[in-house]
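Source file: upload-v4.cif. Holds: mmCIF, C-alpha atoms and all ligand atoms.
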```cif
data_model
#
loop_
_atom_site.label_atom_id
_atom_site.label_comp_id
_atom_site.auth_asym_id
_atom_site.auth_seq_id
_atom_site.Cartn_x
_atom_site.Cartn_y
_atom_site.Cartn_z
CA MET A 1158 1.60 -5.85 14.93
CA ALA A 1159 4.42 -4.20 16.80
CA ARG A 1160 7.29 -2.49 15.06
CA GLU A 1161 9.80 -5.03 16.38
CA ILE A 1162 7.89 -7.84 14.67
CA TRP A 1163 8.06 -6.06 11.32
CA ASP A 1164 11.75 -5.36 11.89
CA ARG A 1165 12.27 -9.10 12.26
CA GLU A 1166 10.21 -9.78 9.12
CA ALA A 1167 12.28 -7.42 6.99
CA ALA A 1168 15.20 -9.72 6.09
CA SER A 1169 12.97 -12.42 4.59
CA PHE A 1170 10.06 -10.20 3.53
CA ASP A 1171 10.90 -10.13 -0.18
CA LEU A 1172 10.91 -13.92 -0.48
CA GLU A 1173 7.12 -13.89 -0.94
CA ALA A 1174 6.29 -13.52 -4.63
CA ASP A 1175 4.06 -10.48 -4.18
CA HIS A 1176 6.48 -8.80 -1.78
CA GLY A 1177 9.73 -8.93 -3.73
CA LEU A 1178 8.18 -9.04 -7.23
CA THR A 1179 11.32 -10.79 -8.43
CA ASP A 1180 9.40 -12.89 -10.97
CA ALA A 1181 9.01 -10.97 -14.23
CA CYS A 1182 5.37 -12.01 -14.77
CA THR A 1183 4.35 -11.08 -11.22
CA ARG A 1184 6.14 -7.77 -11.47
CA ALA A 1185 4.58 -6.98 -14.85
CA ALA A 1186 1.12 -7.78 -13.48
CA TRP A 1187 1.50 -5.38 -10.55
CA ARG A 1188 3.01 -2.75 -12.81
CA GLY A 1189 0.10 -3.02 -15.23
CA LEU A 1190 -2.48 -2.95 -12.43
CA LEU A 1191 -1.03 0.10 -10.69
CA LEU A 1192 -0.24 2.13 -13.79
CA GLU A 1193 -3.81 1.55 -14.99
CA VAL A 1194 -5.38 3.04 -11.87
CA LEU A 1195 -2.88 5.80 -11.06
CA PRO A 1196 -3.13 9.28 -12.57
CA ALA A 1197 -0.69 10.18 -15.33
CA THR A 1198 2.79 11.37 -14.46
CA PRO A 1199 4.09 13.72 -13.21
CA ALA A 1200 2.41 12.88 -9.93
CA ARG A 1201 3.47 12.63 -6.32
CA VAL A 1202 2.72 9.45 -4.40
CA ALA A 1203 2.79 8.73 -0.66
CA ASP A 1204 3.51 5.00 -0.18
CA LEU A 1205 2.32 4.38 3.38
CA GLY A 1206 3.74 1.33 5.11
CA CYS A 1207 6.12 0.97 2.17
CA GLY A 1208 7.96 -2.02 3.64
CA THR A 1209 11.08 -2.91 1.66
CA GLY A 1210 10.11 -0.42 -1.04
CA THR A 1211 9.05 -2.83 -3.77
CA LEU A 1212 6.06 -0.76 -4.92
CA THR A 1213 8.06 2.42 -4.37
CA ARG A 1214 10.62 1.07 -6.86
CA LEU A 1215 7.91 0.08 -9.32
CA LEU A 1216 6.40 3.56 -9.24
CA ILE A 1217 9.74 5.36 -9.49
CA ASP A 1218 10.39 3.27 -12.62
CA GLY A 1219 6.96 4.38 -13.87
CA GLY A 1220 7.97 8.03 -13.60
CA TYR A 1221 6.31 8.93 -10.27
CA ALA A 1222 7.83 10.92 -7.42
CA VAL A 1223 7.42 8.76 -4.32
CA ASP A 1224 7.71 9.38 -0.60
CA GLY A 1225 7.74 6.16 1.39
CA LEU A 1226 6.87 5.87 5.06
CA ASP A 1227 7.20 2.94 7.44
CA PHE A 1228 7.69 2.60 11.17
CA SER A 1229 10.20 -0.24 10.82
CA PRO A 1230 13.80 0.98 10.44
CA GLU A 1231 14.77 -2.43 9.05
CA MET A 1232 12.15 -2.15 6.31
CA ILE A 1233 13.15 1.43 5.54
CA SER A 1234 16.85 0.65 5.24
CA ARG A 1235 16.00 -1.97 2.59
CA ALA A 1236 13.64 0.43 0.85
CA ARG A 1237 16.33 3.10 0.70
CA ALA A 1238 18.72 0.64 -0.94
CA LYS A 1239 16.04 -0.51 -3.40
CA ALA A 1240 14.74 2.93 -4.38
CA PRO A 1241 17.40 5.58 -3.70
CA GLU A 1242 15.51 8.08 -5.87
CA ALA A 1243 12.61 8.14 -3.40
CA THR A 1244 12.51 9.88 -0.04
CA PHE A 1245 11.77 7.80 3.05
CA THR A 1246 10.56 8.59 6.54
CA VAL A 1247 10.52 6.35 9.59
CA GLY A 1248 7.18 7.14 11.16
CA ASP A 1249 3.75 5.93 12.21
CA ALA A 1250 1.20 5.50 9.41
CA ALA A 1251 -1.56 6.00 11.98
CA ASP A 1252 -0.61 9.68 11.88
CA PRO A 1253 1.90 10.07 9.04
CA PRO A 1254 4.44 12.85 9.60
CA LEU A 1255 4.20 13.93 5.95
CA GLU A 1256 3.17 17.22 4.34
CA LEU A 1257 -0.59 17.78 4.07
CA ASP A 1258 -2.46 18.57 0.81
CA VAL A 1259 0.48 17.84 -1.53
CA TYR A 1260 0.01 14.28 -2.81
CA ASP A 1261 -1.76 13.21 -5.99
CA VAL A 1262 -1.96 9.64 -4.70
CA VAL A 1263 -1.98 7.86 -1.37
CA LEU A 1264 -1.01 4.26 -2.01
CA SER A 1265 -0.95 1.61 0.65
CA ARG A 1266 -0.69 -2.14 0.28
CA HIS A 1267 -1.51 -4.47 3.17
CA VAL A 1268 -1.25 -1.80 5.86
CA LEU A 1269 -4.76 -0.50 6.65
CA TRP A 1270 -5.59 -3.83 8.30
CA THR A 1271 -2.74 -3.31 10.79
CA MET A 1272 -4.01 0.07 12.00
CA PRO A 1273 -5.49 -0.02 15.54
CA ASP A 1274 -8.17 2.44 14.35
CA PRO A 1275 -8.43 2.09 10.55
CA MET A 1276 -11.01 4.88 10.17
CA ALA A 1277 -8.91 7.42 12.09
CA ALA A 1278 -5.77 6.44 10.17
CA PHE A 1279 -7.58 6.60 6.84
CA ALA A 1280 -8.84 10.11 7.62
CA ARG A 1281 -5.23 11.19 8.20
CA TRP A 1282 -4.19 9.58 4.92
CA VAL A 1283 -6.81 11.54 3.02
CA ASP A 1284 -5.49 14.76 4.62
CA LEU A 1285 -2.24 14.20 2.69
CA LEU A 1286 -4.04 14.48 -0.65
CA LYS A 1287 -4.51 17.47 -2.91
CA PRO A 1288 -8.22 18.24 -3.57
CA HIS A 1289 -8.52 15.80 -6.50
CA GLY A 1290 -6.15 13.21 -5.11
CA VAL A 1291 -6.67 9.48 -5.47
CA VAL A 1292 -6.51 6.72 -2.85
CA VAL A 1293 -5.31 3.28 -3.92
CA LEU A 1294 -5.46 0.54 -1.31
CA ILE A 1295 -4.58 -3.09 -1.75
CA GLU A 1296 -5.91 -5.20 1.08
CA GLY A 1297 -7.15 -8.67 1.81
CA ARG A 1298 -8.70 -11.04 4.26
CA TRP A 1299 -6.25 -13.89 4.24
CA GLY A 1300 -6.77 -17.52 4.95
CA THR A 1301 -5.04 -16.96 8.30
CA GLY A 1302 -8.02 -14.84 9.40
CA ALA A 1303 -5.96 -11.64 9.40
CA GLY A 1304 -6.89 -8.63 7.32
CA LEU A 1305 -10.03 -6.79 6.24
CA THR A 1306 -12.79 -8.00 3.97
CA ALA A 1307 -13.52 -5.77 0.98
CA ARG A 1308 -16.78 -4.81 2.64
CA GLU A 1309 -14.96 -3.73 5.81
CA ALA A 1310 -12.37 -1.72 3.88
CA GLU A 1311 -15.06 -0.11 1.74
CA ARG A 1312 -16.91 0.96 4.88
CA VAL A 1313 -13.75 2.68 6.17
CA VAL A 1314 -13.30 4.54 2.89
CA ARG A 1315 -16.96 5.50 2.49
CA ALA A 1316 -16.93 7.14 5.92
CA ILE A 1317 -15.13 10.11 4.34
CA ARG A 1318 -15.08 9.56 0.56
CA THR A 1319 -18.00 9.56 -1.82
CA GLU A 1320 -16.67 7.33 -4.57
CA VAL A 1321 -15.14 3.86 -4.16
CA GLU A 1322 -14.44 1.05 -6.59
CA VAL A 1323 -13.36 -2.40 -5.45
CA ARG A 1324 -11.52 -4.67 -7.86
CA PRO A 1325 -11.11 -8.27 -6.74
CA LEU A 1326 -7.63 -9.67 -7.37
CA PRO A 1327 -8.16 -13.44 -7.52
CA ASP A 1328 -5.61 -14.06 -10.29
CA ALA A 1329 -2.62 -16.18 -9.26
CA VAL A 1330 -0.33 -13.96 -11.30
CA TYR A 1331 -0.38 -11.34 -8.49
CA TRP A 1332 0.49 -13.78 -5.73
CA GLY A 1333 2.73 -16.38 -7.33
CA LYS A 1334 0.20 -19.09 -6.42
CA GLU A 1335 -3.49 -19.92 -6.59
CA ILE A 1336 -5.45 -18.27 -3.81
CA ARG A 1337 -8.82 -19.03 -2.22
CA ASP A 1338 -9.11 -16.07 0.13
CA GLU A 1339 -10.22 -12.49 -0.54
CA ARG A 1340 -7.74 -10.02 -2.02
CA TYR A 1341 -8.61 -6.79 -3.75
CA LEU A 1342 -7.65 -3.31 -4.87
CA LEU A 1343 -9.76 -0.40 -3.79
CA ILE A 1344 -9.62 2.92 -5.61
CA SER A 1345 -11.28 6.14 -4.53
CA LYS A 1346 -11.10 9.25 -6.72
CA ALA A 1347 -13.34 11.53 -4.69
C1 LIG A 1401 2.50 -6.46 4.96
S1 LIG A 1401 3.74 -5.26 4.98
C2 LIG A 1401 3.47 -4.41 3.43
C3 LIG A 1401 4.69 -3.68 2.91
C4 LIG A 1401 4.48 -2.98 1.55
N1 LIG A 1401 3.37 -2.08 1.59
C5 LIG A 1401 4.27 -4.01 0.47
O1 LIG A 1401 3.13 -4.18 0.02
O2 LIG A 1401 5.26 -4.65 0.05
C6 LIG A 1401 3.16 -4.10 6.17
C7 LIG A 1401 4.13 -2.94 6.37
O3 LIG A 1401 3.46 -1.94 7.15
C8 LIG A 1401 4.36 -1.46 8.12
N2 LIG A 1401 3.56 -0.95 9.23
C9 LIG A 1401 2.71 -1.64 10.03
N3 LIG A 1401 2.15 -0.82 10.93
C10 LIG A 1401 2.67 0.42 10.70
C11 LIG A 1401 2.50 1.69 11.31
N4 LIG A 1401 1.68 1.87 12.35
N5 LIG A 1401 3.19 2.74 10.81
C12 LIG A 1401 4.04 2.57 9.75
N6 LIG A 1401 4.25 1.39 9.15
C13 LIG A 1401 3.58 0.33 9.61
C14 LIG A 1401 5.23 -2.65 8.48
O4 LIG A 1401 6.46 -2.26 9.05
C15 LIG A 1401 5.38 -3.31 7.12
O5 LIG A 1401 6.50 -2.81 6.43
#
```
Translate this file's structure into structure tokens.
Ligand SMILES: C[S@@+](CC[C@H](N)C(=O)[O-])C[C@H]1O[C@@H](n2cnc3c(N)ncnc32)[C@H](O)[C@@H]1O
Amino acid sequence: MAREIWDREAASFDLEADHGLTDACTRAAWRGLLLEVLPATPARVADLGCGTGTLTRLLIDGGYAVDGLDFSPEMISRARAKAPEATFTVGDAADPPLELDVYDVVLSRHVLWTMPDPMAAFARWVDLLKPHGVVVLIEGRWGTGAGLTAREAERVVRAIRTEVEVRPLPDAVYWGKEIRDERYLLISKA
């Protein structure tokens, strides 16, 4: 999707339960999920395609140092307001203009599917990591037909990583509603 489309989405983006995490139960579920899979603090996280900065905020509150990146200025202006402690860059996640070899974690939720060449983008994401860095992706294949199946996302990751774990996320608590499509977290530690 083009940057202008995401710019237009920004004002209403947080209205979705999993986007804004304004419900305490939903927020607590995402917090628990992410803190369970992330390395202990202190740790530096690149939040690629950070949107309005909801996960950035969650991780700052968890004690992480976070650099958010998004190509939509409208998303980034909201992220800056939501998480002033983080640093933000307006840039293309297909080739993130961030420092190489410095991050403990590359986190990205619902962004890999938008990349024109997911494998090429993912290779650039891995370049941002320190040698023992961790990749955490949250993706899905939604009822609309958009997105990546877990098998497709796993194939992208396995092209350059040796270890991948996929955790299905079927629980309504993450989405604010019952779901019937495929949503998952993928973690790769090596
Ligand atoms: C579905 S939203 C997810 C936002 C955030 N990760 C979250 O989970 O709340 C997708 C985000 O990716 C951003 N995005 C899409 N393509 C991008 C690209 N090529 N470079 C940087 N950001 C991009 C959009 O602007 C949007 O903010």
* Spatial neighbours of Arg1312 in chain A, 12 Å, all atoms listed in the file, chain gap at least 6 places, as a list in words ->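 Here the answer would be Pro1275, Met1276, Phe1279, Leu1305, Thr1306, Arg1318, Thr1319, Glu1320, Val1321, Glu1322, Val1323 and Leu1343 of chain A.
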* Which of A:Glu1231, A:Asp1249, A:Asp1224, A:Glu1296 sits closest to Ala1168 in chain A [using all atoms listed in the file] ->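 Closest residue, counting all atoms listed in the file: A:Glu1231.
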* To do: For CA of Gly1297 in chain A and CA of Arg1235 in chain A, quote the distance in Å rounded to one decimal.
  =>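 Spanning CA of Gly1297 in chain A to CA of Arg1235 in chain A is a straight-line distance of 24.1 Å.
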* Residues at most 6 Å from ligand LIG 1401 (chain A), using only C-alpha atoms and all ligand atoms? Could they come as a PyMOL selection string? -> chain A and resi 1163+1176+1206-1208+1211+1227-1229+1232+1248-1251+1265-1268+1271-1272
* In Å, with one decimal, what is the gap from CA of Arg1201 in chain A to CA of Val1262 in chain A? -> 6.4 Å
* Asked: Of the candidates A:Ile1233, A:Lys1239, A:Pro1273, A:Pro1196, which shows the shortest atom-to-atom distance to Gly1220 in chain A, using only C-alpha atoms?
  -> A:Pro1196
* Go through A:Leu1216, A:Ala1277, A:Leu1342, A:Ala1238 one by one, measure the shortest atom-to-atom distance of each to Leu1294 in chain A using all atoms listed in the file, and give the residue with the smallest value. =>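 Checking each candidate against Leu1294 in chain A, we get A:Leu1342 as the closest.
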* Counting all atoms listed in the file, the residue of A:Ala1303, A:Val1202, A:Val1314, A:Ala1159 that sits nearest Arg1214 in chain A ->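 Looking only at the distances to Arg1214 in chain A, the closest residue turns out to be A:Val1202.
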* Structure fact -> Across A:Thr1301, A:Ala1280, A:Thr1209, A:Val1247, the smallest distance to Glu1173 in chain A, with only C-alpha atoms counted, is shown by A:Thr1209
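Distances from A:Ala1222, A:Ala1347, A:Ala1167, A:Ala1316 to Ser1234 in chain A were compared using only C-alpha atoms, and the smallest one belongs to A:Ala1167.
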* Give me the residues within 12 Å of Ile1217 in chain A as a ChimeraX atom specification, counting only C-alpha atoms and dropping any in the same chain fewer than 5 places off. => /A:1188,1192,1198-1204,1210-1212,1222-1225,1239-1244
* Figure out the distance between CA of Val1313 in chain A and CA of Asp1261 in chain A, please, to one decimal in Å. =>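 That distance, rounded to one decimal, is 20.1 Å.
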* What lies within 10 Å of Ile1336 in chain A using only C-alpha atoms, ignoring chain neighbours under 3 positions off, as a PyMOL selection string? -> chain A and resi 1299-1300+1326-1329+1331-1333+1339-1340
* Radius query 12 Å about (6.3, -5.8, -14.1), atoms used: all atoms listed in the file, as a ChimeraX atom specification -> /A:1175,1177-1192,1211-1212,1214-1216,1218-1219,1330-1331
